[in-house]
file entry.pdb (PDB, C-alpha atoms and all ligand atoms)
ATOM      1  CA  MET E   1     -36.135 -20.033  40.034
ATOM      2  CA  PRO E   2     -37.595 -17.449  37.670
ATOM      3  CA  LEU E   3     -40.437 -15.264  38.955
ATOM      4  CA  ILE E   4     -41.771 -13.792  35.768
ATOM      5  CA  VAL E   5     -44.638 -11.336  35.863
ATOM      6  CA  GLU E   6     -46.466  -9.364  33.232
ATOM      7  CA  LEU E   7     -45.195  -5.917  34.102
ATOM      8  CA  THR E   8     -48.071  -3.680  32.983
ATOM      9  CA  ARG E   9     -50.747  -5.865  34.505
ATOM     10  CA  PHE E  10     -48.803  -6.310  37.748
ATOM     11  CA  CYS E  11     -48.574  -2.533  38.106
ATOM     12  CA  GLU E  12     -52.057  -1.585  36.875
ATOM     13  CA  ASP E  13     -53.582  -4.068  39.328
ATOM     14  CA  SER E  14     -51.367  -2.711  42.148
ATOM     15  CA  ARG E  15     -50.187  -6.213  42.847
ATOM     16  CA  THR E  16     -47.645  -7.117  45.448
ATOM     17  CA  LEU E  17     -45.381 -10.093  45.641
ATOM     18  CA  GLU E  18     -43.295 -11.490  48.451
ATOM     19  CA  ALA E  19     -40.511 -13.950  47.930
ATOM     20  CA  ALA E  20     -37.546 -15.312  49.816
ATOM     21  CA  PHE E  21     -34.272 -16.349  48.249
ATOM     22  CA  SER E  22     -31.276 -18.297  49.339
ATOM     23  CA  PRO E  23     -28.033 -17.708  47.452
ATOM     24  CA  THR E  24     -28.382 -21.071  45.723
ATOM     25  CA  GLN E  25     -31.470 -19.775  43.940
ATOM     26  CA  LEU E  26     -29.618 -16.803  42.463
ATOM     27  CA  PRO E  27     -26.818 -18.229  40.307
ATOM     28  CA  ARG E  28     -25.097 -14.941  39.483
ATOM     29  CA  LEU E  29     -24.941 -14.055  43.160
ATOM     30  CA  LEU E  30     -23.168 -17.303  43.993
ATOM     31  CA  ASP E  31     -19.862 -15.942  42.679
ATOM     32  CA  SER E  32     -20.010 -13.046  45.109
ATOM     33  CA  VAL E  33     -20.897 -14.805  48.329
ATOM     34  CA  ALA E  34     -18.694 -16.806  50.664
ATOM     35  CA  ASP E  35     -21.133 -19.681  51.079
ATOM     36  CA  THR E  36     -24.764 -20.517  50.572
ATOM     37  CA  THR E  37     -26.003 -19.664  54.055
ATOM     38  CA  GLY E  38     -28.021 -16.565  54.658
ATOM     39  CA  GLY E  39     -31.018 -15.420  52.746
ATOM     40  CA  VAL E  40     -32.978 -12.460  51.601
ATOM     41  CA  SER E  41     -36.646 -11.645  51.557
ATOM     42  CA  MET E  42     -38.131  -9.362  48.961
ATOM     43  CA  GLN E  43     -41.321  -7.362  48.708
ATOM     44  CA  VAL E  44     -42.341  -5.911  45.375
ATOM     45  CA  ARG E  45     -45.243  -3.520  44.911
ATOM     46  CA  GLY E  46     -46.548  -2.480  41.519
ATOM     47  CA  TRP E  47     -48.106   0.903  40.796
ATOM     48  CA  VAL E  48     -48.516   3.394  37.967
ATOM     49  CA  ASP E  49     -47.087   6.883  38.273
ATOM     50  CA  ALA E  50     -48.498  10.224  37.108
ATOM     51  CA  ARG E  51     -46.772   9.754  33.746
ATOM     52  CA  ASP E  52     -48.549   6.416  33.235
ATOM     53  CA  ARG E  53     -45.358   4.459  33.659
ATOM     54  CA  PRO E  54     -45.495   1.081  35.360
ATOM     55  CA  CYS E  55     -43.417   1.305  38.541
ATOM     56  CA  LEU E  56     -42.081  -1.207  41.027
ATOM     57  CA  ASP E  57     -41.121  -0.514  44.616
ATOM     58  CA  ILE E  58     -38.608  -3.080  45.765
ATOM     59  CA  GLN E  59     -37.703  -3.715  49.390
ATOM     60  CA  MET E  60     -35.186  -6.359  50.339
ATOM     61  CA  THR E  61     -33.841  -7.314  53.725
ATOM     62  CA  GLY E  62     -31.705 -10.151  54.893
ATOM     63  CA  GLN E  63     -28.182 -11.285  55.390
ATOM     64  CA  LEU E  64     -25.566 -12.768  53.099
ATOM     65  CA  TRP E  65     -22.060 -13.978  53.835
ATOM     66  CA  VAL E  66     -19.133 -12.659  51.839
ATOM     67  CA  LEU E  67     -15.370 -13.020  52.173
ATOM     68  CA  CYS E  68     -13.514 -10.355  54.131
ATOM     69  CA  GLN E  69     -10.943  -9.076  51.655
ATOM     70  CA  ARG E  70      -8.336  -8.737  54.368
ATOM     71  CA  CYS E  71      -8.398 -12.120  56.122
ATOM     72  CA  MET E  72     -10.420 -14.034  53.489
ATOM     73  CA  ARG E  73     -12.756 -15.417  56.125
ATOM     74  CA  PRO E  74     -16.548 -15.199  55.821
ATOM     75  CA  MET E  75     -18.343 -12.205  57.263
ATOM     76  CA  PRO E  76     -22.030 -11.304  57.325
ATOM     77  CA  VAL E  77     -23.422  -8.399  55.337
ATOM     78  CA  ASP E  78     -26.797  -6.966  56.224
ATOM     79  CA  ILE E  79     -28.915  -6.386  53.175
ATOM     80  CA  GLN E  80     -31.154  -3.334  53.016
ATOM     81  CA  VAL E  81     -32.470  -2.457  49.584
ATOM     82  CA  GLY E  82     -35.112   0.149  48.880
ATOM     83  CA  GLN E  83     -35.488   1.035  45.235
ATOM     84  CA  THR E  84     -38.149   2.353  42.902
ATOM     85  CA  LEU E  85     -38.017   1.454  39.233
ATOM     86  CA  ALA E  86     -40.060   3.186  36.554
ATOM     87  CA  PHE E  87     -40.400   1.638  33.100
ATOM     88  CA  GLY E  88     -40.683   3.988  30.138
ATOM     89  CA  GLU E  89     -39.333   7.334  29.043
ATOM     90  CA  GLU E  90     -37.356   9.445  31.450
ATOM     91  CA  SER E  91     -39.113  12.557  32.664
ATOM     92  CA  LEU E  92     -37.930  15.468  30.576
ATOM     93  CA  ASP E  93     -39.707  18.218  32.490
ATOM     94  CA  GLU E  94     -37.743  20.574  34.664
ATOM     95  CA  ALA E  95     -37.844  18.541  37.834
ATOM     96  CA  GLY E  96     -37.059  15.268  36.072
ATOM     97  CA  ASP E  97     -37.169  12.007  37.959
ATOM     98  CA  PRO E  98     -36.137  12.035  41.609
ATOM     99  CA  ASP E  99     -32.789  10.414  42.370
ATOM    100  CA  SER E 100     -34.561   7.605  44.152
ATOM    101  CA  VAL E 101     -36.219   6.481  40.911
ATOM    102  CA  GLU E 102     -34.313   4.453  38.382
ATOM    103  CA  VAL E 103     -35.801   4.577  34.884
ATOM    104  CA  LEU E 104     -35.555   1.456  32.734
ATOM    105  CA  PRO E 105     -36.743   0.828  29.200
ATOM    106  CA  PRO E 106     -40.297  -0.479  28.907
ATOM    107  CA  MET E 107     -40.648  -4.253  28.978
ATOM    108  CA  GLU E 108     -43.491  -6.693  28.699
ATOM    109  CA  HIS E 109     -42.333  -9.242  31.230
ATOM    110  CA  ILE E 110     -39.906  -8.987  34.063
ATOM    111  CA  ASP E 111     -38.232 -11.722  36.038
ATOM    112  CA  LEU E 112     -38.397 -10.562  39.636
ATOM    113  CA  ALA E 113     -35.817 -13.146  40.711
ATOM    114  CA  GLU E 114     -33.366 -11.748  38.178
ATOM    115  CA  LEU E 115     -34.190  -8.264  39.399
ATOM    116  CA  ALA E 116     -33.554  -9.350  42.989
ATOM    117  CA  GLU E 117     -30.220 -10.769  41.934
ATOM    118  CA  GLU E 118     -29.271  -7.510  40.220
ATOM    119  CA  GLU E 119     -30.227  -5.373  43.212
ATOM    120  CA  LEU E 120     -28.295  -7.661  45.553
ATOM    121  CA  LEU E 121     -25.174  -7.582  43.419
ATOM    122  CA  LEU E 122     -25.337  -3.784  43.470
ATOM    123  CA  SER E 123     -25.860  -3.645  47.215
ATOM    124  CA  LEU E 124     -22.919  -5.839  48.223
ATOM    125  CA  PRO E 125     -19.813  -3.934  49.332
ATOM    126  CA  MET E 126     -17.018  -3.842  46.748
ATOM    127  CA  LEU E 127     -14.325  -4.533  49.354
ATOM    128  CA  PRO E 128     -15.938  -6.225  52.325
ATOM    129  CA  ARG E 129     -13.870  -6.112  55.513
ATOM    130  CA  HIS E 130     -14.479  -7.090  59.100
ATOM    131  CA  GLN E 131     -14.832  -3.853  61.039
ATOM    132  CA  ASP E 132     -12.048  -4.959  63.378
ATOM    133  CA  CYS E 133     -10.367  -7.588  61.283
ATOM    134  CA  ASP E 134      -7.710  -9.327  63.391
ATOM    135  CA  LEU E 135      -5.651 -10.813  60.592
ATOM    136  CA  PRO E 136      -3.209  -9.053  58.329
ATOM    137  CA  GLY E 137      -4.249  -9.025  54.715
ATOM    138  CA  PRO E 138      -2.500 -10.959  51.935
ATOM    139  CA  ALA E 139      -0.546  -7.806  51.066
ATOM    140  CA  ASP E 140       0.935  -7.720  54.570
ATOM    141  CA  THR E 141       1.965 -11.366  54.793
ATOM    142  CA  GLY E 142       3.962 -11.806  51.611
ATOM    143  CA  LYS E 143       6.228  -9.355  49.882
ATOM    144  CA  GLN E 144       5.807  -6.035  51.586
ATOM    145  CA  SER E 145       5.123  -3.204  49.206
ATOM    146  CA  PRO E 146       6.548   0.139  50.297
ATOM    147  CA  PHE E 147       3.115   1.578  49.618
ATOM    148  CA  ALA E 148       1.153  -1.016  51.559
ATOM    149  CA  ALA E 149       0.740   1.229  54.575
ATOM    150  CA  LEU E 150      -0.416   4.072  52.392
ATOM    151  CA  ASN E 151      -2.907   1.872  50.601
ATOM    152  CA  ALA E 152      -4.250   0.554  53.890
ATOM    153  CA  LEU E 153      -4.749   4.102  55.136
ATOM    154  CA  ARG E 154      -6.529   5.077  51.969
ATOM    155  CA  SER E 155      -8.857   2.136  51.792
ATOM    156  CA  ASP E 156      -9.697   2.497  55.480
ATOM    157  CA  ALA E 157     -10.689   6.086  54.835
ATOM    158  CA  GLY E 158     -12.695   5.034  51.787
ATOM    159  CA  ASP E 159     -14.540   2.433  53.804
ATOM    160  CA  ALA E 160     -15.352   4.759  56.657
ATOM    161  CA  ASP E 161     -18.772   5.736  55.372
ATOM    162  CA  ARG E 162     -19.950   2.228  54.617
ATOM    163  CA  GLN E 163     -19.192   0.589  57.934
ATOM    164  CA  ASP E 164     -22.553   1.055  59.611
TER
HETATM  165 ZN    ZN M   1     -11.362 -10.138  58.174
END
call {"tool": "encode", "arguments": {"input": "entry.pdb", "output": "structure tokens"}}
result
Amino acid sequence: MPLIVELTRFCEDSRTLEAAFSPTQLPRLLDSVADTTGGVSMQVRGWVDARDRPCLDIQMTGQLWVLCQRCMRPMPVDIQVGQTLAFGEESLDEAGDPDSVEVLPPMEHIDLAELAEEELLLSLPMLPRHQDCDLPGPADTGKQSPFAALNALRSDAGDADRQD
């Protein structure tokens, strides 16, 4: 389901677009989700910045289901994306572009569905886990590695800041 817009015109006219996606409409996302339930809504706003670059503000909210990497059962992931994209040259002045702005090469047309897919893939956790998963992981059920406990400790610590 492509959603192709003419980038410069979309931004110069300050257009907005709202769309809703289910995982079945985003083929590349299908590999990363547990099933096709859930969905995401997207709001895109076009504008032109002080450097005359077309810019898009993208907001996405929703929920997708992924597989918990410990028990391999589905778990929900809340989607919250807020991203600004600027198309053109990077700012070379002292301040540069703020961290919240991602600069992409200029393009004539952009497929907003493809963009949504990209942002979603980036926003999914690398190692999704139930917060209080009640099943031992595959590493704990089969051959026990002497380092399994250590690895579990480490990955728990690494996950600590992405559990909210
Ligand atoms: Zn689990």
call {"tool": "closest_residue", "arguments": {"input": "entry.pdb", "among": "E:Gln25, E:Gln43, E:Thr8, E:Ser32", "to": "Gln69 of chain E", "atoms": "only C-alpha atoms"}}
result
E:Ser32
call {"tool": "residues_near_ligand", "arguments": {"input": "entry.pdb", "ligand": "ligand ZN 1 (chain M)", "cutoff": "7 Å", "atoms": "all atoms listed in the file", "output": "list in words"}}
result
Cys68, Gln69, Arg70, Cys71, Met72, Arg73, Arg129, His130, Cys133, Asp134 and Leu135 of chain E
call {"tool": "resolve_selection", "arguments": {"input": "entry.pdb", "expression": "the PyMOL selection byres (((chain E and resi 113) around 7) and not hetatm)", "output": "list in words"}}
result
Met1, Pro2, Leu3, Asp111, Leu112, Glu114, Leu115, Ala116 and Glu117 of chain E
call {"tool": "residues_around", "arguments": {"input": "entry.pdb", "residues": "segment 17-23 of chain E", "least_positions_apart": "6", "cutoff": "7 Å", "atoms": "only C-alpha atoms", "output": "ChimeraX atom specification"}}
result
/E:29-30,36,38-45
call {"tool": "atom_distance", "arguments": {"input": "entry.pdb", "atom1": "atom CA of Asp99 of chain E", "atom2": "atom CA of Val33 of chain E"}}
result
28.5 Å
call {"tool": "atom_distance", "arguments": {"input": "entry.pdb", "atom1": "atom CA of Asp57 of chain E", "atom2": "atom CA of Val77 of chain E"}}
result
22.1 Å
